[in-house]
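Here is the file coords-v1.cif (mmCIF, C-alpha atoms).
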```
data_input
#
loop_
_atom_site.label_atom_id
_atom_site.label_comp_id
_atom_site.auth_asym_id
_atom_site.auth_seq_id
_atom_site.Cartn_x
_atom_site.Cartn_y
_atom_site.Cartn_z
CA MET A 25 7.55 -18.65 17.47
CA LYS A 26 5.65 -21.74 18.62
CA PRO A 27 1.89 -21.72 19.19
CA ALA A 28 0.71 -21.90 22.80
CA PRO A 29 -1.08 -25.17 23.67
CA PHE A 30 -4.68 -25.63 22.57
CA GLU A 31 -7.26 -28.40 22.38
CA TYR A 32 -7.75 -29.71 18.87
CA HIS A 33 -11.08 -30.84 17.47
CA ALA A 34 -11.80 -32.13 13.99
CA PRO A 35 -15.58 -32.59 13.66
CA THR A 36 -16.77 -34.66 10.71
CA SER A 37 -20.02 -32.85 9.94
CA LEU A 38 -21.24 -29.26 9.88
CA ALA A 39 -23.88 -30.10 12.51
CA ASP A 40 -21.17 -31.51 14.79
CA ALA A 41 -19.00 -28.46 14.25
CA VAL A 42 -21.85 -26.09 15.17
CA THR A 43 -22.79 -28.15 18.24
CA LEU A 44 -19.18 -28.31 19.33
CA LEU A 45 -18.68 -24.56 18.92
CA ALA A 46 -21.83 -23.90 20.99
CA ARG A 47 -20.63 -26.23 23.74
CA LEU A 48 -17.16 -24.66 23.84
CA GLU A 49 -18.77 -21.22 23.93
CA ASN A 50 -20.96 -22.28 26.87
CA GLU A 51 -17.94 -23.60 28.70
CA GLY A 52 -16.26 -20.22 28.36
CA CYS A 53 -13.68 -21.74 26.07
CA ASP A 54 -12.18 -19.40 23.46
CA ALA A 55 -12.44 -21.50 20.31
CA LYS A 56 -11.17 -20.53 16.87
CA ILE A 57 -12.12 -22.14 13.60
CA LEU A 58 -9.20 -23.53 11.61
CA ALA A 59 -9.71 -23.60 7.85
CA GLY A 60 -6.53 -23.44 5.74
CA GLY A 61 -4.65 -21.81 8.59
CA GLN A 62 -2.61 -19.50 6.39
CA SER A 63 -3.60 -16.39 8.36
CA LEU A 64 -4.30 -18.06 11.70
CA MET A 65 -1.02 -19.97 11.94
CA PRO A 66 1.21 -16.87 11.88
CA MET A 67 -1.01 -15.36 14.59
CA LEU A 68 -0.66 -18.50 16.67
CA ALA A 69 3.09 -18.62 16.07
CA MET A 70 3.52 -15.04 17.23
CA ARG A 71 0.95 -15.67 19.99
CA VAL A 72 -1.11 -12.72 18.84
CA ALA A 73 -3.90 -15.30 19.06
CA ARG A 74 -3.94 -17.77 21.97
CA PRO A 75 -7.20 -19.69 21.61
CA ASP A 76 -8.07 -22.46 24.09
CA ALA A 77 -9.28 -24.67 21.26
CA LEU A 78 -9.11 -25.02 17.51
CA VAL A 79 -11.99 -26.50 15.54
CA ASP A 80 -10.54 -27.79 12.28
CA LEU A 81 -13.08 -27.90 9.42
CA ARG A 82 -10.97 -30.06 7.11
CA GLN A 83 -13.05 -33.19 7.72
CA VAL A 84 -16.41 -31.45 7.31
CA PRO A 85 -17.78 -32.57 3.94
CA GLY A 86 -19.61 -30.37 1.46
CA LEU A 87 -17.71 -27.13 2.00
CA ASP A 88 -15.37 -27.09 -0.99
CA HIS A 89 -17.65 -26.69 -4.02
CA ILE A 90 -17.28 -24.08 -6.75
CA ARG A 91 -20.43 -24.01 -8.85
CA LEU A 92 -23.05 -22.02 -10.66
CA GLN A 93 -26.12 -21.90 -8.45
CA ASP A 94 -29.29 -19.96 -9.33
CA GLY A 95 -27.33 -17.83 -11.77
CA ARG A 96 -24.69 -16.92 -9.19
CA ILE A 97 -21.30 -18.38 -8.40
CA ALA A 98 -21.22 -20.19 -5.06
CA ILE A 99 -17.89 -21.11 -3.51
CA GLY A 100 -17.69 -23.35 -0.46
CA ALA A 101 -15.78 -21.74 2.39
CA MET A 102 -13.21 -24.57 2.45
CA ALA A 103 -12.46 -24.48 -1.28
CA SER A 104 -8.81 -23.54 -1.64
CA LYS A 105 -7.79 -20.30 -3.29
CA ARG A 106 -5.81 -22.41 -5.73
CA ALA A 107 -9.02 -24.24 -6.69
CA ALA A 108 -10.72 -20.87 -7.29
CA GLU A 109 -7.71 -19.76 -9.31
CA LEU A 110 -7.88 -22.90 -11.49
CA SER A 111 -11.68 -22.82 -11.84
CA GLU A 112 -12.79 -22.17 -15.40
CA LEU A 113 -16.15 -20.96 -14.07
CA VAL A 114 -14.51 -18.32 -11.87
CA ARG A 115 -11.98 -17.30 -14.52
CA GLU A 116 -14.55 -16.87 -17.29
CA ARG A 117 -17.62 -15.65 -15.44
CA GLN A 118 -16.16 -13.63 -12.59
CA PRO A 119 -12.75 -12.36 -13.74
CA LEU A 120 -12.51 -9.75 -10.98
CA PHE A 121 -12.71 -12.39 -8.26
CA HIS A 122 -10.28 -14.53 -10.25
CA ALA A 123 -7.75 -11.72 -10.58
CA ALA A 124 -8.09 -10.90 -6.88
CA THR A 125 -7.46 -14.54 -6.00
CA ARG A 126 -4.21 -14.56 -7.96
CA LEU A 127 -3.01 -11.59 -5.89
CA VAL A 128 -3.45 -13.44 -2.58
CA GLY A 129 -0.12 -14.63 -1.21
CA HIS A 130 1.97 -17.06 -3.21
CA GLN A 131 1.08 -20.45 -4.63
CA GLN A 132 2.23 -22.18 -1.42
CA ILE A 133 -0.34 -20.05 0.42
CA ARG A 134 -3.12 -20.41 -2.16
CA ASN A 135 -2.72 -24.20 -2.20
CA ARG A 136 -3.60 -24.36 1.49
CA GLY A 137 -5.52 -21.16 2.16
CA SER A 138 -9.30 -21.37 1.96
CA VAL A 139 -11.55 -18.89 0.18
CA GLY A 140 -13.78 -18.57 3.25
CA GLY A 141 -10.86 -18.01 5.59
CA SER A 142 -9.94 -14.69 4.01
CA PHE A 143 -13.50 -13.42 4.44
CA ALA A 144 -13.74 -14.56 8.07
CA HIS A 145 -10.25 -13.20 8.83
CA ALA A 146 -11.26 -9.83 7.34
CA ASP A 147 -7.82 -8.31 7.06
CA PRO A 148 -8.48 -4.80 5.71
CA ALA A 149 -5.34 -4.98 3.56
CA SER A 150 -6.53 -8.14 1.80
CA GLU A 151 -8.21 -8.22 -1.61
CA TYR A 152 -11.38 -10.26 -1.03
CA PRO A 153 -13.28 -7.86 1.26
CA ALA A 154 -12.94 -5.04 -1.29
CA VAL A 155 -14.07 -7.33 -4.09
CA ALA A 156 -16.99 -8.43 -1.91
CA LEU A 157 -18.14 -4.81 -1.58
CA VAL A 158 -17.78 -4.16 -5.30
CA LEU A 159 -19.72 -7.30 -6.26
CA ASP A 160 -22.31 -7.14 -3.47
CA MET A 161 -21.31 -10.62 -2.43
CA GLU A 162 -23.22 -12.65 0.14
CA MET A 163 -21.75 -14.67 2.99
CA VAL A 164 -23.63 -17.74 4.13
CA ALA A 165 -23.20 -18.74 7.77
CA THR A 166 -24.56 -21.64 9.78
CA GLY A 167 -25.03 -21.37 13.53
CA PRO A 168 -27.17 -22.91 16.28
CA ASP A 169 -30.24 -21.14 14.85
CA GLY A 170 -29.65 -22.39 11.34
CA GLU A 171 -28.42 -20.68 8.21
CA ARG A 172 -28.41 -16.98 7.43
CA VAL A 173 -27.17 -14.87 4.55
CA ILE A 174 -25.17 -11.73 5.30
CA PRO A 175 -24.62 -9.09 2.61
CA ALA A 176 -21.01 -7.95 2.20
CA ALA A 177 -21.93 -4.38 3.15
CA GLU A 178 -22.92 -5.67 6.63
CA PHE A 179 -20.34 -8.44 6.95
CA PHE A 180 -17.13 -6.50 7.53
CA VAL A 181 -17.49 -4.65 10.83
CA THR A 182 -14.02 -3.39 11.60
CA TYR A 183 -10.39 -4.48 11.64
CA MET A 184 -10.42 -8.31 11.51
CA THR A 185 -13.97 -8.37 12.83
CA THR A 186 -17.01 -9.62 10.94
CA ALA A 187 -20.72 -9.96 11.59
CA LEU A 188 -20.21 -13.67 12.26
CA GLU A 189 -21.42 -14.57 15.76
CA PRO A 190 -19.26 -16.77 17.96
CA GLY A 191 -20.38 -20.26 17.12
CA GLU A 192 -21.28 -19.44 13.54
CA VAL A 193 -19.44 -21.12 10.70
CA LEU A 194 -18.99 -19.38 7.35
CA THR A 195 -19.99 -22.07 4.86
CA GLU A 196 -20.24 -20.38 1.47
CA VAL A 197 -19.68 -17.12 -0.36
CA ARG A 198 -21.87 -16.12 -3.30
CA MET A 199 -21.25 -13.63 -6.05
CA PRO A 200 -22.92 -12.57 -9.27
CA VAL A 201 -21.40 -13.50 -12.59
CA LEU A 202 -19.97 -10.42 -14.27
CA PRO A 203 -22.53 -9.11 -16.78
CA PRO A 204 -21.10 -9.28 -20.32
CA GLY A 205 -19.50 -6.00 -21.39
CA THR A 206 -18.77 -4.87 -17.83
CA GLY A 207 -15.22 -3.68 -17.28
CA TRP A 208 -13.31 -4.63 -14.16
CA ALA A 209 -9.92 -4.09 -12.60
CA ILE A 210 -7.91 -4.64 -9.47
CA ARG A 211 -4.61 -2.96 -8.73
CA GLU A 212 -2.50 -2.85 -5.61
CA ILE A 213 0.89 -1.79 -4.34
CA THR A 214 2.75 -4.33 -2.24
CA ARG A 215 6.29 -4.34 -0.92
CA ARG A 216 6.80 -7.74 -2.53
CA SER A 217 4.57 -9.60 -4.98
CA GLY A 218 2.06 -11.60 -2.96
CA ASP A 219 2.34 -9.56 0.23
CA LEU A 220 -0.59 -7.74 1.79
CA ALA A 221 -1.32 -4.47 0.05
CA LEU A 222 -0.15 -1.08 1.26
CA ALA A 223 -3.11 0.15 -0.79
CA GLY A 224 -5.30 -1.22 -3.53
CA VAL A 225 -8.48 -0.65 -5.47
CA ALA A 226 -10.99 -3.02 -7.05
CA LEU A 227 -13.79 -1.95 -9.33
CA THR A 228 -16.33 -2.71 -12.00
CA LEU A 229 -17.23 -0.18 -14.68
CA ARG A 230 -20.22 -0.18 -17.00
CA LEU A 231 -20.21 1.99 -20.11
CA LYS A 232 -23.32 3.06 -22.01
CA ALA A 233 -23.46 5.18 -25.16
CA GLY A 234 -19.84 6.22 -24.73
CA ARG A 235 -20.22 7.34 -21.13
CA CYS A 236 -19.64 5.83 -17.70
CA ALA A 237 -23.04 4.53 -16.65
CA ASP A 238 -22.05 2.97 -13.38
CA ALA A 239 -18.86 2.38 -11.41
CA ARG A 240 -18.53 0.39 -8.22
CA ILE A 241 -15.22 1.01 -6.50
CA ALA A 242 -13.68 -0.17 -3.24
CA ALA A 243 -10.26 0.47 -1.72
CA PHE A 244 -8.30 -1.77 0.62
CA GLY A 245 -5.31 -1.28 2.89
CA ILE A 246 -6.63 2.16 3.82
CA ASP A 247 -9.00 1.86 6.75
CA ALA A 248 -10.25 -0.64 9.34
CA THR A 249 -12.27 -2.34 6.61
CA ALA A 250 -12.34 -2.16 2.85
CA VAL A 251 -14.20 1.02 1.87
CA ARG A 252 -16.50 1.97 -1.00
CA LEU A 253 -15.30 5.09 -2.79
CA SER A 254 -18.75 6.53 -3.41
CA GLU A 255 -17.61 10.09 -4.14
CA ALA A 256 -15.42 8.83 -6.98
CA GLU A 257 -18.31 6.63 -8.17
CA ASP A 258 -20.57 9.71 -8.28
CA ALA A 259 -17.90 11.77 -10.07
CA LEU A 260 -17.73 9.15 -12.82
CA ARG A 261 -21.45 8.84 -13.47
CA GLY A 262 -22.15 10.26 -16.93
CA ALA A 263 -18.52 11.13 -17.56
CA VAL A 264 -16.84 10.36 -20.87
CA PRO A 265 -14.20 7.69 -20.13
CA THR A 266 -11.01 9.62 -20.81
CA THR A 267 -7.61 9.92 -19.14
CA GLU A 268 -8.77 13.28 -17.75
CA SER A 269 -12.00 12.01 -16.19
CA PHE A 270 -10.17 9.03 -14.68
CA ALA A 271 -7.53 11.35 -13.22
CA ARG A 272 -10.31 13.50 -11.79
CA ALA A 273 -11.98 10.44 -10.25
CA GLY A 274 -8.63 9.46 -8.73
CA ALA A 275 -8.23 12.93 -7.23
CA VAL A 276 -11.78 12.84 -5.87
CA ALA A 277 -11.15 9.41 -4.33
CA ALA A 278 -7.89 10.51 -2.72
CA ALA A 279 -9.50 13.63 -1.27
CA SER A 280 -12.47 11.64 0.02
CA LEU A 281 -10.40 9.39 2.31
CA ALA A 282 -11.06 10.50 5.86
CA ASP A 283 -8.06 9.19 7.75
CA PRO A 284 -5.91 6.61 5.92
CA MET A 285 -3.89 4.16 8.00
CA SER A 286 -0.25 4.94 8.59
CA CYS A 287 2.59 2.52 9.28
CA ILE A 288 6.38 2.36 8.91
CA HIS A 289 6.01 1.20 5.31
CA ALA A 290 3.50 3.77 4.12
CA SER A 291 2.34 7.04 5.64
CA ALA A 292 -1.29 8.14 5.48
CA GLU A 293 -0.41 10.70 2.80
CA TYR A 294 1.40 8.11 0.70
CA ARG A 295 -1.61 5.79 0.93
CA ARG A 296 -3.87 8.64 -0.12
CA HIS A 297 -1.62 9.27 -3.10
CA LEU A 298 -1.61 5.56 -3.98
CA VAL A 299 -5.40 5.30 -3.98
CA GLY A 300 -5.69 8.21 -6.41
CA THR A 301 -3.06 6.86 -8.77
CA LEU A 302 -4.20 3.23 -8.55
CA LEU A 303 -7.79 4.24 -9.23
CA GLU A 304 -6.80 6.30 -12.25
CA ARG A 305 -4.87 3.35 -13.69
CA ALA A 306 -7.49 0.75 -12.73
CA LEU A 307 -10.22 2.78 -14.44
CA ALA A 308 -8.16 2.74 -17.63
CA ASP A 309 -7.77 -1.07 -17.28
CA ALA A 310 -11.51 -1.45 -16.77
CA ALA A 311 -12.48 0.85 -19.63
CA ALA A 312 -10.28 -1.18 -21.98
CA ARG A 313 -12.19 -4.31 -20.93
CA ALA A 314 -15.65 -2.74 -21.10
CA HIS A 315 -17.72 -2.53 -24.26
CA MET B 28 -10.52 -33.92 24.18
CA SER B 29 -6.85 -33.63 24.66
CA THR B 30 -4.10 -31.50 23.23
CA ARG B 31 -2.51 -34.60 21.72
CA LYS B 32 -3.56 -36.63 18.71
CA THR B 33 -2.33 -39.66 16.81
CA ILE B 34 -1.62 -39.05 13.14
CA ARG B 35 -0.79 -41.35 10.26
CA LEU B 36 0.93 -39.99 7.21
CA THR B 37 3.39 -40.89 4.48
CA VAL B 38 6.65 -39.00 4.13
CA ASN B 39 8.78 -39.63 1.04
CA GLY B 40 6.90 -42.88 0.49
CA LYS B 41 7.40 -44.20 4.01
CA PRO B 42 4.39 -44.53 6.33
CA TYR B 43 4.58 -43.13 9.87
CA GLU B 44 2.27 -43.16 12.87
CA ARG B 45 3.00 -40.80 15.74
CA GLU B 46 1.21 -39.21 18.65
CA VAL B 47 1.84 -35.47 18.48
CA GLU B 48 0.94 -32.32 20.34
CA ALA B 49 -1.79 -30.48 18.46
CA ARG B 50 0.28 -27.30 18.41
CA LEU B 51 3.25 -28.96 16.72
CA THR B 52 3.86 -27.55 13.25
CA LEU B 53 4.43 -29.92 10.38
CA ALA B 54 7.90 -28.38 9.94
CA ASP B 55 8.88 -29.25 13.52
CA PHE B 56 7.28 -32.68 13.17
CA ILE B 57 9.39 -33.43 10.10
CA ARG B 58 12.57 -32.15 11.71
CA HIS B 59 12.25 -33.27 15.31
CA GLU B 60 10.04 -36.35 15.16
CA LEU B 61 11.19 -37.79 11.85
CA HIS B 62 14.72 -36.34 12.03
CA LEU B 63 14.60 -35.12 8.45
CA GLY B 64 16.64 -31.94 8.71
CA GLY B 65 16.44 -30.87 5.09
CA THR B 66 13.24 -28.91 5.61
CA HIS B 67 14.65 -25.67 6.96
CA VAL B 68 12.83 -23.39 9.36
CA GLY B 69 13.50 -19.72 8.79
CA CYS B 70 10.85 -17.23 9.80
CA GLU B 71 8.25 -19.62 11.27
CA HIS B 72 5.39 -17.42 10.14
CA GLY B 73 5.01 -17.99 6.43
CA ILE B 74 7.21 -15.30 4.93
CA CYS B 75 10.50 -16.90 3.88
CA GLY B 76 9.49 -20.17 2.18
CA ALA B 77 12.51 -22.13 3.49
CA CYS B 78 10.20 -24.83 4.89
CA THR B 79 8.34 -25.43 1.60
CA ILE B 80 7.35 -29.08 1.14
CA LEU B 81 4.75 -30.84 -0.97
CA ILE B 82 1.52 -32.00 0.67
CA ASP B 83 -0.32 -34.40 -1.63
CA GLY B 84 1.74 -32.99 -4.49
CA SER B 85 1.04 -29.31 -3.82
CA SER B 86 3.56 -26.90 -2.33
CA ALA B 87 2.91 -25.70 1.19
CA ARG B 88 4.71 -23.93 3.95
CA ALA B 89 5.36 -26.57 6.62
CA CYS B 90 5.49 -23.86 9.30
CA LEU B 91 1.92 -22.76 8.45
CA THR B 92 0.54 -26.28 8.70
CA LEU B 93 -0.06 -28.21 11.89
CA ALA B 94 1.14 -31.79 11.94
CA VAL B 95 -2.43 -32.83 12.85
CA GLN B 96 -3.67 -31.21 9.63
CA ALA B 97 -1.41 -33.57 7.68
CA ASP B 98 -3.11 -36.66 9.10
CA GLY B 99 -3.68 -38.97 6.13
CA ALA B 100 -1.53 -36.89 3.77
CA SER B 101 1.37 -37.83 1.56
CA ILE B 102 4.34 -35.53 2.13
CA THR B 103 7.41 -34.98 -0.01
CA THR B 104 10.46 -33.28 1.47
CA ILE B 105 13.85 -32.48 -0.07
CA GLU B 106 15.12 -35.86 1.17
CA GLY B 107 12.61 -37.55 -1.12
CA LEU B 108 14.08 -36.14 -4.32
CA ARG B 109 17.32 -38.08 -4.71
CA ASN B 110 16.98 -41.17 -6.89
CA ARG B 111 16.75 -44.02 -4.39
CA GLU B 112 18.33 -46.63 -6.66
CA THR B 113 21.20 -44.68 -8.16
CA GLY B 114 21.67 -42.15 -5.37
CA GLN B 115 21.81 -39.43 -8.01
CA LEU B 116 20.57 -35.96 -7.20
CA HIS B 117 17.29 -34.89 -8.75
CA PRO B 118 17.87 -32.84 -11.95
CA ILE B 119 16.65 -29.73 -10.12
CA GLN B 120 19.14 -30.31 -7.30
CA GLN B 121 21.95 -30.93 -9.80
CA ALA B 122 21.03 -27.77 -11.73
CA PHE B 123 21.22 -25.69 -8.53
CA VAL B 124 24.72 -27.14 -7.94
CA ASP B 125 25.88 -26.58 -11.52
CA ALA B 126 24.43 -23.08 -11.97
CA HIS B 127 25.48 -21.87 -8.51
CA GLY B 128 21.88 -21.51 -7.35
CA LEU B 129 23.00 -21.56 -3.74
CA GLN B 130 25.61 -20.04 -1.52
CA CYS B 131 24.85 -20.70 2.15
CA GLY B 132 22.16 -23.21 1.19
CA PHE B 133 19.66 -22.35 3.90
CA CYS B 134 16.86 -21.34 1.53
CA THR B 135 17.72 -23.97 -1.09
CA PRO B 136 15.39 -26.83 -0.06
CA GLY B 137 12.45 -24.43 -0.19
CA PHE B 138 13.44 -23.10 -3.61
CA ILE B 139 13.90 -26.62 -4.95
CA MET B 140 10.54 -27.86 -3.63
CA THR B 141 8.81 -24.81 -5.12
CA THR B 142 10.62 -25.42 -8.43
CA LEU B 143 9.52 -29.07 -8.34
CA GLU B 144 5.88 -28.00 -8.28
CA LEU B 145 6.45 -25.30 -10.92
CA LEU B 146 8.14 -27.59 -13.45
CA GLY B 147 5.56 -30.31 -12.80
CA GLU B 148 2.78 -27.93 -13.80
CA ASN B 149 4.67 -25.87 -16.37
CA PRO B 150 7.69 -27.67 -17.87
CA ASP B 151 8.87 -24.68 -19.90
CA PRO B 152 8.19 -21.54 -17.86
CA THR B 153 9.08 -18.03 -18.99
CA ASP B 154 11.33 -15.90 -16.80
CA GLU B 155 8.26 -14.02 -15.57
CA GLU B 156 6.54 -17.28 -14.64
CA ILE B 157 9.64 -18.46 -12.77
CA LYS B 158 9.83 -15.18 -10.85
CA GLU B 159 6.12 -15.36 -10.02
CA ALA B 160 6.41 -18.95 -8.81
CA LEU B 161 9.49 -18.26 -6.68
CA GLY B 162 8.05 -15.03 -5.28
CA GLY B 163 7.25 -16.72 -1.98
CA ASN B 164 10.84 -17.81 -1.31
CA LEU B 165 13.51 -15.53 0.10
CA CYS B 166 17.25 -15.85 -0.54
CA ARG B 167 19.68 -13.52 1.20
CA CYS B 168 22.87 -14.62 -0.62
CA THR B 169 22.54 -15.10 -4.33
CA GLY B 170 20.69 -12.05 -5.58
CA TYR B 171 18.34 -14.54 -7.26
CA GLN B 172 19.92 -14.41 -10.74
CA SER B 173 21.75 -17.69 -10.31
CA ILE B 174 18.56 -19.24 -8.92
CA LEU B 175 16.73 -18.22 -12.11
CA ASP B 176 19.62 -19.72 -14.10
CA SER B 177 19.30 -22.94 -12.08
CA VAL B 178 15.58 -23.26 -12.74
CA ARG B 179 16.07 -22.60 -16.45
CA LEU B 180 18.87 -25.18 -16.55
CA ALA B 181 16.75 -27.73 -14.69
CA ALA B 182 13.83 -27.16 -17.04
CA SER B 183 15.94 -27.58 -20.17
CA ARG B 184 17.65 -30.72 -18.85
CA ILE B 185 14.35 -32.32 -17.79
CA ASN B 186 12.75 -31.42 -21.13
CA THR B 187 15.72 -32.82 -23.07
CA ALA B 188 15.60 -36.02 -21.04
CA THR B 189 11.84 -36.31 -21.55
CA ALA B 190 12.17 -35.75 -25.30
CA ALA B 191 14.95 -38.33 -25.66
#
```

In structure tokens, what does this structure look like?
Amino acid sequence: MKPAPFEYHAPTSLADAVTLLARLENEGCDAKILAGGQSLMPMLAMRVARPDALVDLRQVPGLDHIRLQDGRIAIGAMASKRAAELSELVRERQPLFHAATRLVGHQQIRNRGSVGGSFAHADPASEYPAVALVLDMEMVATGPDGERVIPAAEFFVTYMTTALEPGEVLTEVRMPVLPPGTGWAIREITRRSGDLALAGVALTLRLKAGRCADARIAAFGIDATAVRLSEAEDALRGAVPTTESFARAGAVAAASLADPMSCIHASAEYRRHLVGTLLERALADAAARAH
Amino acid sequence: MSTRKTIRLTVNGKPYEREVEARLTLADFIRHELHLGGTHVGCEHGICGACTILIDGSSARACLTLAVQADGASITTIEGLRNRETGQLHPIQQAFVDAHGLQCGFCTPGFIMTTLELLGENPDPTDEEIKEALGGNLCRCTGYQSILDSVRLAASRINTATAA
């Protein structure tokens, strides 16, 4: 349970970090970016990951902001999850992201773990990728060719794989503020509070004239990435928000899952069952918050 | 660029400078370089919480932090809690003794460091808040009830002392 040896670099500017990553890439050196390390360190300890070099971003300035920017919330990739959890802006203007943050690990983890790290790590059982799909978040990355913005729908490619190119650094994530009156919810089942989810759902729900106008729903812990539950979204459109219509949406969602993951803790069928039940309950949470 | 790096940090108020291997965890640095054995190493991959310490006042798992990441930081370990002048245990430590918050004691330093952060931020936590805060620490002996008792006892003693 000790990491294999690696070179350690701690660049002091984003430009230096990008240059360094390009050089390491050219040299055929397998370099990994170290942010908070709360997902990477266990992988190093178990030697699931054996990079030749780590590029630590902790001395790169300007990556830990949490601010309102052009009407959207922008969070620097190195901002800690604890900072996001304590941010009044996040709590009041984007309660879904705030609630998701509180579900990540324990306080020891959130103190150290970066917001950006969870997006770049892209664990399909983690909360942020699902929230990113629900909120149409944007990931900002800087590489040798400059900065680019990647929509969430294109960012998560497969299990622990993102659209980030080798040599690109995730610098910021952006999300809309939640429009007033929009309901939201996130629910998950974990073996222990703070653990990765066996299954979970995140959603926003907009009501209009006593009916569901629009629902955006994503599930996590089910497939190689977080997945939008579009059939359940369609089933809700125009429906009166009642226990029955939420149960129906849950059933539609469960039936729509192609091939849920299976592991010793939860079979595919159990995960399918969880998604249906969690969605039904989460819709009730969201409806109670919507007006 | 080498696999070794010189770091400077403060542990329990005492400054240290050491050259370390980049892959050395902060937990192993504290135990093997500084010979402070109170920070226990259980799972070594961030599950059990036995190695919980404070980095710049915030709880962290020392096994999930590299020593090089702590360059420039101020660390508090369980050894830093005892009153240096009187030698008395910290009220949290004493409460764990008095309320039987430990049996084998392996997980105890982690629980106490987590409790230190909790009571610093929230001096009068509810049972639910205590459970939430301690959720990242595992104990295989006590069944947790006596740990909850210990935290409640520590909170009430600290609050009484503060009020007096």

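Around the coordinate (9.3, -33.4, 6.9), residues that reach within 9 Å when counting all atoms listed in the file are Val38, Asn39, Leu53, Ala54, Asp55, Phe56, Ile57, Arg58, His59, Glu60, Leu61, His62, Leu63, Gly64, Gly65, Thr66, Cys78, Ile80, Ala89, Ile102, Thr103, Thr104, Ile105 and Glu106 of chain B.
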
Open item on the list: What would the selection look like, as a VMD selection string, if the PyMOL selection byres ((chain B) within 10 of (chain A)) were run on the coordinates I just shared?
Closed with: chain B and resid 28 to 32 48 to 52 55 70 to 74 76 79 to 82 85 to 93 95 to 96 141 144 to 145 158 to 164

- [ ] Pick out the residues sitting within 7 Å of Gly234 (chain A), and hand them over as a list in words; count all atoms listed in the file, and ignore anything fewer than 2 positions along from it in its own chain.
- [x]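 Once the adjacent positions are removed, what remains is Leu231, Lys232 and Val264 of chain A.
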
Task: Matched chain/residue IDs from the PyMOL selection byres ((chain B and resi 181) around 6), as a list in words - done: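 Selected by the PyMOL selection byres ((chain B and resi 181) around 6) in this file: Pro118, Ile119, Ala122, Val178, Arg179, Leu180, Ala182, Ser183 and Arg184 of chain B.
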
Apply the PyMOL selection byres ((chain B and resi 151) around 8) to the file shown and report the selected residues as a CSV table (one decimal) with C-alpha atoms, in the coordinates of the input.
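Now in selection.csv:
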```csv
chain,number,residue,atom,x,y,z
B,146,LEU,CA,8.1,-27.6,-13.4
B,149,ASN,CA,4.7,-25.9,-16.4
B,150,PRO,CA,7.7,-27.7,-17.9
B,152,PRO,CA,8.2,-21.5,-17.9
B,153,THR,CA,9.1,-18.0,-19.0
B,182,ALA,CA,13.8,-27.2,-17.0
B,183,SER,CA,15.9,-27.6,-20.2
B,186,ASN,CA,12.8,-31.4,-21.1
```

Open item on the list: Restricting the calculation to all atoms listed in the file: of A:Glu257, A:Asp309, A:Asp238, A:Glu178, which residue gets closest to Trp208 (chain A)?
Closed with: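 For Trp208 (chain A), the nearest of the given residues is A:Asp309.
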
Within 10 Å of (-26.5, -10.4, 3.8), all atoms listed in the file: residues as an mmCIF file with C-alpha atoms, in the coordinates of the input?
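After the write, out_30.cif holds the following:
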```cif
data_model
loop_
_atom_site.group_PDB
_atom_site.id
_atom_site.type_symbol
_atom_site.label_atom_id
_atom_site.label_comp_id
_atom_site.auth_asym_id
_atom_site.auth_seq_id
_atom_site.Cartn_x
_atom_site.Cartn_y
_atom_site.Cartn_z
ATOM 1 C CA ASP A 160 -22.310 -7.140 -3.470
ATOM 2 C CA MET A 161 -21.310 -10.620 -2.430
ATOM 3 C CA GLU A 162 -23.220 -12.650 0.140
ATOM 4 C CA MET A 163 -21.750 -14.670 2.990
ATOM 5 C CA VAL A 164 -23.630 -17.740 4.130
ATOM 6 C CA ALA A 165 -23.200 -18.740 7.770
ATOM 7 C CA ARG A 172 -28.410 -16.980 7.430
ATOM 8 C CA VAL A 173 -27.170 -14.870 4.550
ATOM 9 C CA ILE A 174 -25.170 -11.730 5.300
ATOM 10 C CA PRO A 175 -24.620 -9.090 2.610
ATOM 11 C CA ALA A 176 -21.010 -7.950 2.200
ATOM 12 C CA ALA A 177 -21.930 -4.380 3.150
ATOM 13 C CA GLU A 178 -22.920 -5.670 6.630
ATOM 14 C CA PHE A 179 -20.340 -8.440 6.950
ATOM 15 C CA ALA A 187 -20.720 -9.960 11.590
#
```

Open item on the list: Let me make sure I understand: among B:Ser177, B:Thr169, B:Thr187, B:Gln120, which one has the smallest atom-to-atom distance to Gly107 (chain B) if we use only C-alpha atoms?
Closed with: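 Of B:Ser177, B:Thr169, B:Thr187, B:Gln120, the one nearest Gly107 (chain B), counting only C-alpha atoms, is B:Gln120.
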
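Pairwise distance (CA of Cys166 (chain B), CA of Arg295 (chain A)) equals 28.7 Å.
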
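Every protein, DNA or RNA residue with an atom at most 8 Å from Thr125 (chain A), where all atoms listed in the file count and chain neighbours fewer than 6 positions away do not, is listed here: Lys105, Ala108, Glu109, Glu151 and Tyr152 of chain A.
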
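The interatomic distance for the pair CA of Ala107 (chain A) and CA of Leu87 (chain A) works out to 12.6 Å.
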
Task: Nearest-residue call for Thr266 (chain A), choices A:Arg235, A:Gly86, A:Pro35, A:Pro148, using all atoms listed in the file - done: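 Counting all atoms listed in the file, the residue closest to Thr266 (chain A) is A:Arg235.
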
- [ ] Provide the CA of Val155 (chain A) to CA of Arg117 (chain A) distance in Å, to one decimal place.
- [x]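 Separating CA of Val155 (chain A) from CA of Arg117 (chain A) is a distance of 14.5 Å.
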
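Of the residues listed (A:Ala263, A:Leu298, A:Ala156, A:Val79), A:Ala263 shows the shortest atom-to-atom separation from Ala237 (chain A); distances use all atoms listed in the file.
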